[in-house]
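Engineer: I'd like to ask you about the structure that follows.
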Amino acid sequence: MQQNIDNYDFAGKKAIVRVDFNVPLDADFRITDDTRIRAAIPTLKRVLEGGGSLILMSHLGKPKGVAEKFSLKHIIYRIEELLGTKVQFAPDCQKADEQVKALKPGDVLLLENLRFYAEEEGKPRGLAEDASDEEKKAAKAAVKASQKEFVKKLASYADCYINDAFGTAHRAHASTALIADLFPNDKMFGYIMRGEIKAINNVLGNAVHPVTAIIGGAKVSSKIGVIQHLFGVVDNMIIGGGMVYTFVKAQGGKIGNSLCEDDQLGLALDIIKDAEQKGIKLYFAKDAVVADSFDNNAKSQIVPSNEIPDGWMSMDAGPESLKIWEEVLKNSKTILWNGPVGVFEMPNFAKGTNRIAEILAEVTAKGTFTLVGGGDSVAAVTQMGYADKVSYVSTGGGAMLEFLEGKVLPGIAAIEK
Ligand code: AMP
């Protein structure tokens with residue numbers, strides 16, 4: 001049975017916590033963005049203040065085995081600063097028994113990168129490229145078998161398990177999902193996981209209408225699952241970014257050199273038809289800022305989205321689109337934003353995306369629930385300094401996308417089942 005971190009009695013107990021400390025490091029192994037560590041602090045403090053001790057486990061990067069570069073020892077200094085206490089380190093996550101035994105209430109032990117072991121992900125490593133299907137199958141079976149022991153060892157360290165790693169909740173890994181089964185009555189979500197689940201339920205579950213989704217980004221194909229699932233909830237959908245031009249071309253418009261997925265033209269028409277049948281209003285970018293090359297300093301002009309001259313390409317949403325979108329957003333009670341509406345990495349083509357961030361901040365102040373989730377739109381609100389002016393900014397790119405597609409996330413299911 002799932003426990004509630006607020007009521008659970010941590011006194012004298014050891015809690016093993018799956019955190020997402022997969023932070024970016026520079027060449028000198030200094031952390032360049034500590035958001036993920038900061039986000040985990042409330043959960044960690046709850047355990048310590050409740051009289052428990054902490055065993056922290058995480059992955060860092062994508063090591064293929066033990067590699068100094070991916071050692072979690074590099075980040076100890078920042079956890080200590082943020083938590084205000086000493087952090088011990090176990091250089092091998094499978095050989096920490098002695099250190100765990102010595103833990104007293106208030107102590108913190110960080111285990112080395114879980115992905116130094118193939119068992120964490122349960123995927124075989126070091127297979128020859130020309131390995132036969134049979135060899136692949138055998139290697140997979142072997143790692144799955146040793147994964148059980150790997151999980152058992154981690155679980156043996158603690159009295160209870162907390163999952164607070166939303167960023168890896170869409171993976172059925174040892175530490176994110178399998179381990180939960182070994183704590184049938186002592187497993188729970190940390191505050192990050194709880195916040196993410198609540199925020200998404202505010203949109204997908206019991207949303208206050210009208211609900212509007214802003215879907216941007218480069219490709220229709222990568223957002224099709226999200227669009228289709230959101231059609232079950234939204235009243236309006238604003239579609240911006242590169243993906244607009246697949247829809248425009250499908251409807252016979254001229255798109256110049258704009259991004260287009262020619263193999264998705266039929267699907268684009270199906271989406272438009274489906275929206276009509278469901279009574280969902282679609283608001284495509286009506287006008288575009290187009291450029292004569294994919295360059296921040298390219299020549300630019302504003303044209304209707306379906307009349308892009310040959311040799312020009314769409315780079316951002318135009319002013320008329322933004323005006324229409326602003327009206328829709330101001331009349332919404334719940335808004336979800338996923339994906340930039342232009343090439344926001346180039347300052348000259350970031351205006352549309354920045355304006356969306358600004359409007360979201362304005363409507364949030366007036367009581368609209370605004371959730372920003374999934375990769376680049378999160379980067380955009382953060383860059384603009386609006387991260388604390390919207391209702392919720394999701395920390396998990398891939399996990400949030402899968403959540404929005406209506407998929408069951410193994411890290412959530414393992415706690416809830
Ligand atoms: P995604 O990861 O699918 O959300 O896509 C994000 C990427 O879409 C960003 O790198 C943007 O630069 C890109 N993007 C947004 N609008 C456009 C556009 N009109 N043309 C080309 N790329 C775009």
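Each chain of the structure tokens is named A, B, ... in the order shown, its residues numbered from 1; ligands are numbered from 1 in display order.
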Write out as a PyMOL selection string each polymer residue (protein, DNA or RNA) that has an atom no more than 9 Å from ligand 1, with only C-alpha atoms and all ligand atoms counted.
Structural biologist: chain A and resi 215-223+240-245+258-259+288-290+294+313-317+338-346+349-350+353+374-377
Engineer: Mind checking DSSP for region 180-238 of chain A and telling me the helix (DSSP H, G or I) residues as an mmCIF file with N, CA, C and O atoms, in the first residue's frame?
Structural biologist:
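Just written: out.cif:
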```
data_model
loop_
_atom_site.group_PDB
_atom_site.id
_atom_site.type_symbol
_atom_site.label_atom_id
_atom_site.label_comp_id
_atom_site.auth_asym_id
_atom_site.auth_seq_id
_atom_site.Cartn_x
_atom_site.Cartn_y
_atom_site.Cartn_z
ATOM 1 N N ALA A 180 10.224 -0.817 -5.875
ATOM 2 C CA ALA A 180 9.017 -0.497 -5.101
ATOM 3 C C ALA A 180 8.314 -1.758 -4.602
ATOM 4 O O ALA A 180 7.741 -1.770 -3.513
ATOM 5 N N ASP A 181 8.396 -2.842 -5.395
ATOM 6 C CA ASP A 181 7.725 -4.093 -5.006
ATOM 7 C C ASP A 181 8.293 -4.675 -3.708
ATOM 8 O O ASP A 181 7.640 -5.479 -3.054
ATOM 9 N N LEU A 182 9.508 -4.300 -3.377
ATOM 10 C CA LEU A 182 10.126 -4.857 -2.162
ATOM 11 C C LEU A 182 9.767 -4.029 -0.924
ATOM 12 O O LEU A 182 10.225 -4.305 0.180
ATOM 13 N N TYR A 191 7.930 14.847 -2.845
ATOM 14 C CA TYR A 191 7.147 16.045 -3.179
ATOM 15 C C TYR A 191 7.206 16.429 -4.660
ATOM 16 O O TYR A 191 6.261 16.993 -5.180
ATOM 17 N N ILE A 192 8.323 16.144 -5.328
ATOM 18 C CA ILE A 192 8.385 16.490 -6.760
ATOM 19 C C ILE A 192 7.366 15.639 -7.515
ATOM 20 O O ILE A 192 6.553 16.155 -8.294
ATOM 21 N N MET A 193 7.400 14.341 -7.270
ATOM 22 C CA MET A 193 6.475 13.435 -7.956
ATOM 23 C C MET A 193 5.038 13.842 -7.670
ATOM 24 O O MET A 193 4.208 13.895 -8.569
ATOM 25 N N ARG A 194 4.773 14.138 -6.415
ATOM 26 C CA ARG A 194 3.401 14.510 -6.044
ATOM 27 C C ARG A 194 2.963 15.771 -6.777
ATOM 28 O O ARG A 194 1.852 15.865 -7.272
ATOM 29 N N GLY A 195 3.873 16.760 -6.841
ATOM 30 C CA GLY A 195 3.567 18.032 -7.508
ATOM 31 C C GLY A 195 3.296 17.829 -8.996
ATOM 32 O O GLY A 195 2.356 18.396 -9.550
ATOM 33 N N GLU A 196 4.110 16.998 -9.643
ATOM 34 C CA GLU A 196 3.952 16.750 -11.076
ATOM 35 C C GLU A 196 2.617 16.057 -11.351
ATOM 36 O O GLU A 196 1.899 16.417 -12.286
ATOM 37 N N ILE A 197 2.309 15.065 -10.539
ATOM 38 C CA ILE A 197 1.068 14.297 -10.754
ATOM 39 C C ILE A 197 -0.138 15.208 -10.547
ATOM 40 O O ILE A 197 -1.095 15.191 -11.326
ATOM 41 N N LYS A 198 -0.059 16.043 -9.515
ATOM 42 C CA LYS A 198 -1.185 16.946 -9.227
ATOM 43 C C LYS A 198 -1.350 17.958 -10.368
ATOM 44 O O LYS A 198 -2.460 18.202 -10.837
ATOM 45 N N ALA A 199 -0.230 18.520 -10.834
ATOM 46 C CA ALA A 199 -0.303 19.532 -11.899
ATOM 47 C C ALA A 199 -0.920 18.943 -13.160
ATOM 48 O O ALA A 199 -1.773 19.556 -13.795
ATOM 49 N N ILE A 200 -0.499 17.752 -13.506
ATOM 50 C CA ILE A 200 -1.022 17.157 -14.735
ATOM 51 C C ILE A 200 -2.485 16.781 -14.577
ATOM 52 O O ILE A 200 -3.281 16.906 -15.502
ATOM 53 N N ASN A 201 -2.864 16.361 -13.370
ATOM 54 C CA ASN A 201 -4.280 16.052 -13.143
ATOM 55 C C ASN A 201 -5.150 17.296 -13.212
ATOM 56 O O ASN A 201 -6.326 17.213 -13.545
ATOM 57 N N ASN A 202 -4.555 18.434 -12.906
ATOM 58 C CA ASN A 202 -5.294 19.692 -13.049
ATOM 59 C C ASN A 202 -5.637 19.960 -14.504
ATOM 60 O O ASN A 202 -6.529 20.743 -14.796
ATOM 61 N N VAL A 203 -4.873 19.357 -15.424
ATOM 62 C CA VAL A 203 -5.134 19.557 -16.848
ATOM 63 C C VAL A 203 -5.908 18.364 -17.428
ATOM 64 O O VAL A 203 -6.929 18.521 -18.085
ATOM 65 N N LEU A 204 -5.406 17.162 -17.147
ATOM 66 C CA LEU A 204 -6.015 15.978 -17.777
ATOM 67 C C LEU A 204 -7.181 15.419 -16.979
ATOM 68 O O LEU A 204 -8.040 14.742 -17.514
ATOM 69 N N ILE A 224 2.256 13.898 -32.119
ATOM 70 C CA ILE A 224 0.946 13.379 -32.503
ATOM 71 C C ILE A 224 0.239 12.682 -31.328
ATOM 72 O O ILE A 224 -0.961 12.871 -31.099
ATOM 73 N N GLY A 225 1.023 11.919 -30.545
ATOM 74 C CA GLY A 225 0.435 11.221 -29.391
ATOM 75 C C GLY A 225 -0.156 12.214 -28.401
ATOM 76 O O GLY A 225 -1.239 12.005 -27.851
ATOM 77 N N VAL A 226 0.565 13.311 -28.182
ATOM 78 C CA VAL A 226 0.114 14.350 -27.237
ATOM 79 C C VAL A 226 -1.160 15.011 -27.773
ATOM 80 O O VAL A 226 -2.146 15.165 -27.054
ATOM 81 N N ILE A 227 -1.143 15.379 -29.060
ATOM 82 C CA ILE A 227 -2.300 16.059 -29.650
ATOM 83 C C ILE A 227 -3.536 15.174 -29.534
ATOM 84 O O ILE A 227 -4.593 15.600 -29.067
ATOM 85 N N GLN A 228 -3.383 13.924 -29.916
ATOM 86 C CA GLN A 228 -4.551 13.031 -29.894
ATOM 87 C C GLN A 228 -5.088 12.835 -28.487
ATOM 88 O O GLN A 228 -6.294 12.870 -28.262
ATOM 89 N N HIS A 229 -4.181 12.657 -27.519
ATOM 90 C CA HIS A 229 -4.661 12.454 -26.148
ATOM 91 C C HIS A 229 -5.322 13.720 -25.608
ATOM 92 O O HIS A 229 -6.360 13.661 -24.946
ATOM 93 N N LEU A 230 -4.742 14.874 -25.921
ATOM 94 C CA LEU A 230 -5.300 16.135 -25.409
ATOM 95 C C LEU A 230 -6.665 16.452 -26.031
ATOM 96 O O LEU A 230 -7.455 17.186 -25.439
#
```
Engineer: Within region 41-147 of chain A, find each residue whose DSSP state, derived from the backbone, is strand (DSSP E), and express the selection as an MDAnalysis selection string.
Structural biologist: chainID A and resid 53:57 88:90 108:111
Engineer: For Thr364 (chain A), please output as a list of chain:residue names all residues within 8 Å (counting only C-alpha atoms; exclusion window: fewer than 5 positions along the same chain).
Structural biologist: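 Residues near the query, excluding close chain neighbours: A:Phe369, A:Thr370, A:Lys389, A:Val390, A:Ser391.
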Engineer: Could the residues in this selection be written to a file with C-alpha atoms, as a JSON list (two decimals), in the first residue's frame?
Structural biologist:
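Dumped to part36.json:
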```json
[["chain", "number", "residue", "atom", "x", "y", "z"],
["A", 369, "PHE", "CA", -3.93, 27.44, -14.02],
["A", 370, "THR", "CA", -0.89, 27.28, -16.29],
["A", 389, "LYS", "CA", 5.15, 33.30, -12.52],
["A", 390, "VAL", "CA", 3.32, 30.31, -14.03],
["A", 391, "SER", "CA", 1.43, 27.76, -11.92]]
```
Engineer: May I ask which of the residues A:Pro304, A:Gly232, A:Pro347, A:Gly122 is the closest one to Ala177 (chain A), counting only C-alpha atoms?
Structural biologist: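 So, comparing all the options, the nearest one is A:Gly122.
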Engineer: Could you list, as JSON, numbers by chain, every residue within 6 Å of region 260-271 of chain A, counting only C-alpha atoms and ignoring same-chain residues fewer than 5 positions away?
Structural biologist: {"A": [245, 246, 247, 250]}
Engineer: If we count only C-alpha atoms, what is near region 136-153 of chain A at a cut-off of 12 Å, once residues fewer than 6 positions away on the same chain are taken out, given as a ChimeraX atom specification?
Structural biologist: /A:16,92-97,100,114-130,172-183
Engineer: Residues at most 6 Å from Leu109 (chain A), counting only C-alpha atoms, excluding those fewer than 6 positions away in the same chain, as a list in words?
Structural biologist: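 Listing them by chain and then by number gives Ile55, Val87, Gln88 and Phe89 of chain A.
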Engineer: Which residue out of A:Ser332, A:Asn348, A:Asn257, A:Thr32 has the minimum interatomic distance to Arg78 (chain A) when only C-alpha atoms are used?
Structural biologist: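 Checking each candidate against Arg78 (chain A), we get A:Thr32 as the closest.
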Engineer: How far is it from CA of Asn236 (chain A) to CA of Ala380 (chain A), in Å with one decimal?
Structural biologist: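 Computed distance, CA of Asn236 (chain A) to CA of Ala380 (chain A), equals 22.0 Å.
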Engineer: Restricting the calculation to only C-alpha atoms, which member of A:Gly61, A:Gly311, A:Gly205, A:Gly352 is positioned closest to Gly406 (chain A)?
Structural biologist: A:Gly205
Engineer: Do a neighbour search on Gly373 (chain A) at 10 Å with only C-alpha atoms, toss out local chain neighbours closer than 5 positions, and write the hits as JSON, numbers by chain.
Structural biologist: {"A": [196, 199, 200, 336, 337, 338, 339, 378, 379, 392, 393, 394, 395, 396, 397, 398, 399, 400, 401, 404]}
Engineer: For those residues, write N, CA and C atoms to a file as an mmCIF file, in the first residue's frame.
Structural biologist:
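result.cif was written with the following content:
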```
data_model
loop_
_atom_site.group_PDB
_atom_site.id
_atom_site.type_symbol
_atom_site.label_atom_id
_atom_site.label_comp_id
_atom_site.auth_asym_id
_atom_site.auth_seq_id
_atom_site.Cartn_x
_atom_site.Cartn_y
_atom_site.Cartn_z
ATOM 1 N N GLU A 196 4.110 16.998 -9.643
ATOM 2 C CA GLU A 196 3.952 16.750 -11.076
ATOM 3 C C GLU A 196 2.617 16.057 -11.351
ATOM 4 N N ALA A 199 -0.230 18.520 -10.834
ATOM 5 C CA ALA A 199 -0.303 19.532 -11.899
ATOM 6 C C ALA A 199 -0.920 18.943 -13.160
ATOM 7 N N ILE A 200 -0.499 17.752 -13.506
ATOM 8 C CA ILE A 200 -1.022 17.157 -14.735
ATOM 9 C C ILE A 200 -2.485 16.781 -14.577
ATOM 10 N N LEU A 336 -2.136 24.510 -20.942
ATOM 11 C CA LEU A 336 -0.953 23.658 -20.961
ATOM 12 C C LEU A 336 -0.083 24.112 -22.125
ATOM 13 N N TRP A 337 1.205 24.252 -21.878
ATOM 14 C CA TRP A 337 2.105 24.677 -22.962
ATOM 15 C C TRP A 337 3.223 23.672 -23.161
ATOM 16 N N ASN A 338 3.330 23.173 -24.376
ATOM 17 C CA ASN A 338 4.414 22.253 -24.709
ATOM 18 C C ASN A 338 5.000 22.611 -26.072
ATOM 19 N N GLY A 339 6.227 23.088 -26.065
ATOM 20 C CA GLY A 339 6.945 23.336 -27.324
ATOM 21 C C GLY A 339 6.921 24.788 -27.766
ATOM 22 N N VAL A 378 9.974 24.720 -21.377
ATOM 23 C CA VAL A 378 10.467 24.934 -20.012
ATOM 24 C C VAL A 378 11.710 25.828 -20.063
ATOM 25 N N ALA A 379 12.603 25.523 -21.020
ATOM 26 C CA ALA A 379 13.802 26.354 -21.184
ATOM 27 C C ALA A 379 13.391 27.790 -21.487
ATOM 28 N N TYR A 392 2.864 25.970 -12.753
ATOM 29 C CA TYR A 392 3.737 24.819 -12.552
ATOM 30 C C TYR A 392 4.653 24.616 -13.750
ATOM 31 N N VAL A 393 5.926 24.414 -13.463
ATOM 32 C CA VAL A 393 6.878 24.088 -14.523
ATOM 33 C C VAL A 393 7.344 22.660 -14.288
ATOM 34 N N SER A 394 7.104 21.808 -15.245
ATOM 35 C CA SER A 394 7.467 20.407 -15.070
ATOM 36 C C SER A 394 8.978 20.218 -15.176
ATOM 37 N N THR A 395 9.514 19.287 -14.349
ATOM 38 C CA THR A 395 10.959 19.053 -14.373
ATOM 39 C C THR A 395 11.323 17.901 -15.313
ATOM 40 N N GLY A 396 10.335 17.173 -15.794
ATOM 41 C CA GLY A 396 10.661 15.974 -16.586
ATOM 42 C C GLY A 396 10.202 16.085 -18.017
ATOM 43 N N GLY A 397 11.126 16.265 -18.947
ATOM 44 C CA GLY A 397 10.785 16.422 -20.356
ATOM 45 C C GLY A 397 10.098 15.192 -20.938
ATOM 46 N N GLY A 398 10.863 14.111 -21.065
ATOM 47 C CA GLY A 398 10.345 12.880 -21.669
ATOM 48 C C GLY A 398 9.199 12.303 -20.861
ATOM 49 N N ALA A 399 9.340 12.341 -19.533
ATOM 50 C CA ALA A 399 8.301 11.771 -18.664
ATOM 51 C C ALA A 399 7.005 12.555 -18.827
ATOM 52 N N MET A 400 7.115 13.880 -18.906
ATOM 53 C CA MET A 400 5.921 14.709 -19.056
ATOM 54 C C MET A 400 5.243 14.431 -20.399
ATOM 55 N N LEU A 401 6.032 14.302 -21.446
ATOM 56 C CA LEU A 401 5.458 14.011 -22.765
ATOM 57 C C LEU A 401 4.667 12.711 -22.748
ATOM 58 N N LEU A 404 1.486 13.151 -20.940
ATOM 59 C CA LEU A 404 0.520 13.880 -21.766
ATOM 60 C C LEU A 404 -0.059 13.011 -22.885
#
```
Engineer: Ranking A:Ala365, A:Leu72, A:Ile5, A:Ala285 by minimum distance to Asp388 (chain A) and counting only C-alpha atoms, which one comes first?
Structural biologist: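 Of all the options, A:Ala365 lies closest to Asp388 (chain A).
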Engineer: Mind giving me the straight-line distance from CA of Ile280 (chain A) to CA of Lys330 (chain A) in Å, one decimal?
Structural biologist: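 CA of Lys330 (chain A) lies at a distance of 17.2 Å from CA of Ile280 (chain A).
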